[in-house]
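To start, the structure itself, in C-alpha cells.
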Amino acid sequence: MRVELKNIGKKYEGRDQFTIRNIDLTIESQDFCVILGPSGCGKSTLLRMIAGLNSITEGELLFNGKLMNKVEPKDRDIAMVFQSYALYPHMTVYDNMAFSLKMKKEAKNVIHERVLEAADTLQITEYLYNKPSDISGGQRQRVALGRAMVRKPAVFLMDEPLSNLDAKLRAPMRVELVRLHQKLGTTSIYVTHDQTEAMTMATMIVLMNDGKIQQVGKPEEFYNTPANLFVAGFIGSPTMNLISGTMKNGVFVTDSGDIQIHPEAEDAKKLAEYEGKQVIVGIRSERFIAGESDKNQFKAKIDVVEMLGKEKLLYTAMDDGTQFTISQPGHFEYAPGEIHTFHFDTEALHYFDAETTMRIA
C-alpha cells in the first residue's frame with residue numbers, strides 16, 4: 001500500500017496554532033517508515049490521522065491514490081499496535097488474537113488457521129491459552145503484534161510499541177520486528193522518540209520537530225548528511241560536536257583563535273560565499289584523530305573517561321571553554337587530567353549556516 005500525505009495539517013478545537021502543518025510525505029509500498037522526533041513534536045498525531053483516529057484539518061491523505069480523509073478507521077485496511085498493548089485481560093492469548101476476526105464474522109476455521117500461523121511466526125504458540133497477566137512484557141508485545149497480523153492489513157501502524165519493555169528486551173524485539181516486516185512485506189509506519197530504533201529498523205526515516213518535517217531519507221543519510229543543526233544534534237550517540245566560528249581567508253577560525261580548520265578543496269568552494277560570516281562546524285566523536293598534524297590540530301585536557309568496551313569516550317575541554325566528546329579505541333590508554341593533541345578529519349566535517357541552521361551544500 002502506497003501512503004501519501006499532501007499538505008496535511010491538524011488544528012485542535014480551541015487552539016490558535018496548528019499542531020502539525022504542511023506535511024508532504026510519500027511512503028512507498030513495503031517501506032518500513034519510522035516517524036522520529038522528541039516528545040510533543042506531532043509524530044503520534046500524524047500516525048493517528050493516518051489511522052483515522054484523529055480528523056484531518058487540511059490536506060489530503062491517499063492510500064494507493066484513493067482519498068481517505070473521511071473513511072472510517074475500520075474501512076482503511078490498517079492494523080494498529082499501541083504502546084500499552086491494549087490486550088483484554090480476561091481473554092486468553094488465542095481469544096485476544098482472534099477477537100477482531102470474530103467481530104468480522106470470519107469462519108472459525110479461517111480464524112483458527114490465522115491465529116496459529118501468527119503465533120508460529122511470533123513464537124508464542126505455547127502461550128495461546130494463557131491470560132496476558134501470565135506472560136512477560138515481551139510476550140504480551142508479540143500478542144499485540146499477532147492480533148494485528150491476523151487481520152492481514154495493507155498497512156501496519158505502530159505507536160512506540162517497545163517503550164514499555166526493559167532495555168534487554170528491546171534489542172531482540174527490534175530484530176524480530178525487522179524480520180517480521182521482511183516476511184510479511186507490508187507497509188509499516190512506526191512512531192518512536194528513540195533514534196536507535198529508527199536507525200536500526202527503518203528503510204526510511206521521517207524526523208519531525210515542532211510539527212514540521214526536518215528531514216526524510218535513509219538512516220545513513222541522517223548520520224552522514226544531516227540537513228540542519230537540529231538533525232545533526234538529534235541523530236547520533238554521543239551527539240555531534242558543534243563549534244561556532246567565522247570564515248577568514250578561507251579558514252574556519254573560532255572566536256578565541258585556538259581552533260583553525262582548513263577545509264578540504266570541495267568544501268572550500270561551498271564556503272567561499274561565507275567569507276567573514278558565522279559558520280558552525282560539526283564533527284562526529286569518532287572522526288577525531290589522535291596525534292599531531294601540520295594543521296587543524298588542537299590540545300585538550302581530558303576531564304572524564306567513559307569506558308564502553310570496544311571504545312573509550314573522552315570528555316575534553318580546551319582553555320577557551322570549548323568541549324569535545326572524542327571516541328578512541330577501548331585499548332588506548334587515557335586518564336583524567338592528561339592533556340593530549342588531536343586533529344580533525346577534515347573529510348568528515350559538516351558545515352552549517354549559523355543564521356539559517358541549514359547544511360551548507
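Every chain in the C-alpha cells takes a letter, A first, then B, and so on in the order presented; its residues are numbered from 1, and the ligands are numbered from 1 following the presented order.
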Which polymer residues have any atom within 9 Å of an atom of Phe82 in chain A, counting only C-alpha atoms, with same-chain residues fewer than 4 positions away left out, as a PDB file with N, CA, C and O atoms, in the first residue's frame?
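To be explicit, this is the file written out as result_30.pdb:
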ATOM      1  N   ALA A  86      -2.854  -2.906  24.940  1.00  0.00           N
ATOM      2  CA  ALA A  86      -4.327  -2.878  24.858  1.00  0.00           C
ATOM      3  C   ALA A  86      -4.925  -4.276  24.676  1.00  0.00           C
ATOM      4  O   ALA A  86      -5.805  -4.486  23.850  1.00  0.00           O
ATOM      5  N   ALA A 144       0.170  -8.558  20.924  1.00  0.00           N
ATOM      6  CA  ALA A 144      -0.400  -7.360  20.300  1.00  0.00           C
ATOM      7  C   ALA A 144      -0.067  -7.321  18.809  1.00  0.00           C
ATOM      8  O   ALA A 144      -0.906  -6.953  17.980  1.00  0.00           O
ATOM      9  N   LEU A 157       0.454   0.077  11.561  1.00  0.00           N
ATOM     10  CA  LEU A 157       0.769   1.316  12.269  1.00  0.00           C
ATOM     11  C   LEU A 157       1.193   0.947  13.684  1.00  0.00           C
ATOM     12  O   LEU A 157       0.487   0.215  14.382  1.00  0.00           O
ATOM     13  N   MET A 158       2.351   1.457  14.120  1.00  0.00           N
ATOM     14  CA  MET A 158       2.872   1.111  15.448  1.00  0.00           C
ATOM     15  C   MET A 158       3.272   2.373  16.197  1.00  0.00           C
ATOM     16  O   MET A 158       4.076   3.166  15.696  1.00  0.00           O
ATOM     17  N   ASP A 159       2.689   2.565  17.376  1.00  0.00           N
ATOM     18  CA  ASP A 159       2.936   3.766  18.175  1.00  0.00           C
ATOM     19  C   ASP A 159       3.792   3.414  19.390  1.00  0.00           C
ATOM     20  O   ASP A 159       3.295   2.937  20.399  1.00  0.00           O
ATOM     21  N   GLU A 160       5.096   3.626  19.279  1.00  0.00           N
ATOM     22  CA  GLU A 160       6.072   3.334  20.341  1.00  0.00           C
ATOM     23  C   GLU A 160       5.840   1.967  20.980  1.00  0.00           C
ATOM     24  O   GLU A 160       5.718   1.862  22.202  1.00  0.00           O
ATOM     25  N   PRO A 161       5.784   0.893  20.209  1.00  0.00           N
ATOM     26  CA  PRO A 161       5.408  -0.407  20.757  1.00  0.00           C
ATOM     27  C   PRO A 161       6.429  -1.029  21.696  1.00  0.00           C
ATOM     28  O   PRO A 161       6.092  -1.955  22.430  1.00  0.00           O
TER      29      PRO A 161
END
(request) Enumerate the residues of range 80-256 of chain A with a DSSP assignment of helix (DSSP H, G or I), computed from the backbone, and present them as a PyMOL selection string. (result) chain A and resi 93-103+108-122+125-127+132-134+137-149+167-184+195-201+219-224+229-234
(message) What's around range 42-47 of chain A at 10 Å? Count only C-alpha atoms, leave out sequence neighbours fewer than 2 positions away in its own chain, and write the answer as a PyMOL selection string.
(response) chain A and resi 5+8-10+19-21+23+34-40+49-56+80+157-160+189-193+206-213
(request) May I have the residues within 10 Å of Arg179 in chain A as number ranges by chain, using only C-alpha atoms and disregarding those fewer than 6 positions away in the same chain? (result) A: 121, 173, 185, 201
Export of prior selection with C-alpha atoms as a CSV table (one decimal), in the first residue's frame:
chain,number,residue,atom,x,y,z
A,121,THR,CA,5.7,-16.7,13.3
A,173,MET,CA,12.4,-7.2,19.7
A,185,GLY,CA,6.2,-7.4,3.1
A,201,MET,CA,14.9,-0.7,11.8
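Minimum atom-to-atom distances from A:Gln215, A:Gln195, A:Ser29, A:Gln278 to Gly245 in chain A were compared using only C-alpha atoms, and the lowest value belongs to A:Gln278.
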(request) Kindly indicate which residue among A:Tyr94, A:Thr357, A:Lys312, A:Lys108 lies nearest to Thr125 in chain A, using only C-alpha atoms for the distances. (result) A:Tyr94
(message) If I take CA of Glu355 in chain A and CA of Pro219 in chain A, how far is one from the other in Å, to one decimal?
(response) 26.3 Å
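You will find CA of Arg170 in chain A at 21.7 Å from CA of Tyr223 in chain A.
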(message) Residues of range 11-67 of chain A classed as strand (DSSP E) by DSSP on the backbone are to be reported as JSON, numbers by chain.
(response) {"A": [20, 21, 22, 23, 24, 25, 26, 27, 32, 33, 34, 35, 36, 58, 59, 60, 61, 62, 63, 66, 67]}
(request) Compare A:Val155, A:Leu349, A:Val3, A:Val93 by their minimum atom-to-atom distance to Asn296 in chain A, counting only C-alpha atoms, and give me the closest one. (result) A:Leu349
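Residue nearest Asp320 in chain A within the list A:Ala335, A:Phe344, A:Ala290, A:Asp255: A:Asp255 [criterion: smallest interatomic distance, only C-alpha atoms].
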(request) Excluding Phe342 in chain A and any residue of its chain fewer than 4 positions from it, enumerate the residues within 10 Å of it, using only C-alpha atoms, and give them as a PyMOL selection string. (result) chain A and resi 288-293+296-300+326
Writing out the chosen residues with all heavy atoms as a tab-separated table (two decimals), in the first residue's frame:
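selection-v2.tsv written:
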chain	number	residue	atom	x	y	z
A	288	PHE	N	37.75	12.30	15.15
A	288	PHE	CA	38.97	12.97	15.62
A	288	PHE	C	40.13	11.99	15.48
A	288	PHE	O	39.96	10.78	15.66
A	288	PHE	CB	38.84	13.39	17.08
A	288	PHE	CG	37.86	14.49	17.35
A	288	PHE	CD1	36.55	14.20	17.68
A	288	PHE	CD2	38.24	15.82	17.28
A	288	PHE	CE1	35.63	15.20	17.94
A	288	PHE	CE2	37.34	16.84	17.54
A	288	PHE	CZ	36.02	16.53	17.86
A	289	ILE	N	41.31	12.51	15.20
A	289	ILE	CA	42.50	11.67	15.06
A	289	ILE	C	43.50	12.07	16.14
A	289	ILE	O	43.82	13.26	16.30
A	289	ILE	CB	43.12	11.83	13.66
A	289	ILE	CG1	42.09	11.48	12.58
A	289	ILE	CG2	44.37	10.94	13.53
A	289	ILE	CD1	42.55	11.83	11.17
A	290	ALA	N	43.95	11.09	16.91
A	290	ALA	CA	44.92	11.37	17.96
A	290	ALA	C	46.29	11.65	17.36
A	290	ALA	O	46.69	11.02	16.37
A	290	ALA	CB	45.00	10.18	18.92
A	291	GLY	N	47.01	12.61	17.94
A	291	GLY	CA	48.37	12.92	17.48
A	291	GLY	C	48.45	14.26	16.77
A	291	GLY	O	47.44	14.91	16.50
A	292	GLU	N	49.66	14.65	16.47
A	292	GLU	CA	49.91	15.96	15.87
A	292	GLU	C	49.74	15.92	14.35
A	292	GLU	O	49.80	14.87	13.73
A	292	GLU	CB	51.32	16.44	16.23
A	292	GLU	CG	51.49	16.68	17.73
A	292	GLU	CD	52.86	17.27	18.06
A	292	GLU	OE1	53.68	17.42	17.12
A	292	GLU	OE2	53.09	17.58	19.24
A	293	SER	N	49.52	17.11	13.80
A	293	SER	CA	49.40	17.28	12.35
A	293	SER	C	49.95	18.65	12.00
A	293	SER	O	50.10	19.51	12.87
A	293	SER	CB	47.93	17.16	11.93
A	293	SER	OG	47.77	17.45	10.56
A	296	ASN	N	45.19	22.00	11.52
A	296	ASN	CA	43.89	21.51	12.01
A	296	ASN	C	44.00	20.76	13.34
A	296	ASN	O	43.15	19.93	13.67
A	296	ASN	CB	43.22	20.59	10.98
A	296	ASN	CG	43.08	21.24	9.62
A	296	ASN	OD1	42.76	22.43	9.53
A	296	ASN	ND2	43.36	20.49	8.56
A	297	GLN	N	45.06	21.04	14.13
A	297	GLN	CA	45.22	20.33	15.40
A	297	GLN	C	44.86	21.23	16.58
A	297	GLN	O	44.77	22.46	16.45
A	297	GLN	CB	46.63	19.79	15.54
A	297	GLN	CG	47.70	20.86	15.79
A	297	GLN	CD	49.05	20.26	16.10
A	297	GLN	OE1	49.37	19.16	15.66
A	297	GLN	NE2	49.87	20.97	16.85
A	298	PHE	N	44.68	20.62	17.74
A	298	PHE	CA	44.39	21.36	18.97
A	298	PHE	C	44.80	20.50	20.16
A	298	PHE	O	44.94	19.28	20.05
A	298	PHE	CB	42.89	21.71	19.07
A	298	PHE	CG	41.99	20.50	19.12
A	298	PHE	CD1	41.57	19.97	20.34
A	298	PHE	CD2	41.54	19.89	17.95
A	298	PHE	CE1	40.74	18.85	20.39
A	298	PHE	CE2	40.71	18.78	17.99
A	298	PHE	CZ	40.31	18.26	19.21
A	299	LYS	N	45.00	21.15	21.30
A	299	LYS	CA	45.30	20.45	22.54
A	299	LYS	C	44.08	20.55	23.47
A	299	LYS	O	43.44	21.60	23.55
A	299	LYS	CB	46.52	21.04	23.25
A	299	LYS	CG	47.83	20.79	22.52
A	299	LYS	CD	49.00	21.34	23.32
A	299	LYS	CE	50.32	21.13	22.58
A	299	LYS	NZ	50.65	19.70	22.45
A	300	ALA	N	43.76	19.45	24.14
A	300	ALA	CA	42.61	19.45	25.04
A	300	ALA	C	42.92	18.63	26.28
A	300	ALA	O	43.64	17.63	26.21
A	300	ALA	CB	41.39	18.87	24.33
A	326	ILE	N	35.19	12.85	22.35
A	326	ILE	CA	36.06	12.19	21.39
A	326	ILE	C	36.05	10.69	21.64
A	326	ILE	O	36.23	10.23	22.78
A	326	ILE	CB	37.50	12.73	21.50
A	326	ILE	CG1	37.52	14.24	21.20
A	326	ILE	CG2	38.45	11.98	20.57
A	326	ILE	CD1	38.86	14.91	21.45
(message) List the spatial neighbours of Phe324 in chain A as a ChimeraX atom specification - criterion: any atom at most 10 Å away, only C-alpha atoms, same-chain residues fewer than 3 positions off excluded.
(response) /A:240-243,283-285,288,300-302,313-318,321,327
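Straight-line separation from CA of Ala98 in chain A to CA of Gly146 in chain A: 9.2 Å.
For the choices A:Tyr85, A:Phe18, A:Phe222, A:Phe156, the atom-to-atom distance to Cys33 in chain A is smallest for A:Phe156 when using only C-alpha atoms.
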(message) With only C-alpha atoms as the counted atoms, please give the residues lying no more than 6 Å from range 269-276 of chain A, apart from itself and same-chain residues fewer than 3 positions off, as a PyMOL selection string.
(response) chain A and resi 247-248+266
Could you write out the selected residues, including C-alpha atoms, as a PDB file, in the first residue's frame?
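Dumped to out-v5.pdb:
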ATOM      1  CA  MET A 247      35.397  32.091   7.864  1.00  0.00           C
ATOM      2  CA  LYS A 248      38.567  34.200   7.475  1.00  0.00           C
ATOM      3  CA  GLU A 266      35.449  20.805  -2.289  1.00  0.00           C
TER       4      GLU A 266
END
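Restricting the calculation to only C-alpha atoms, the smallest distance between Phe230 in chain A and any of A:Met358, A:Gly65, A:Met307, A:Pro329 is found for A:Met358.
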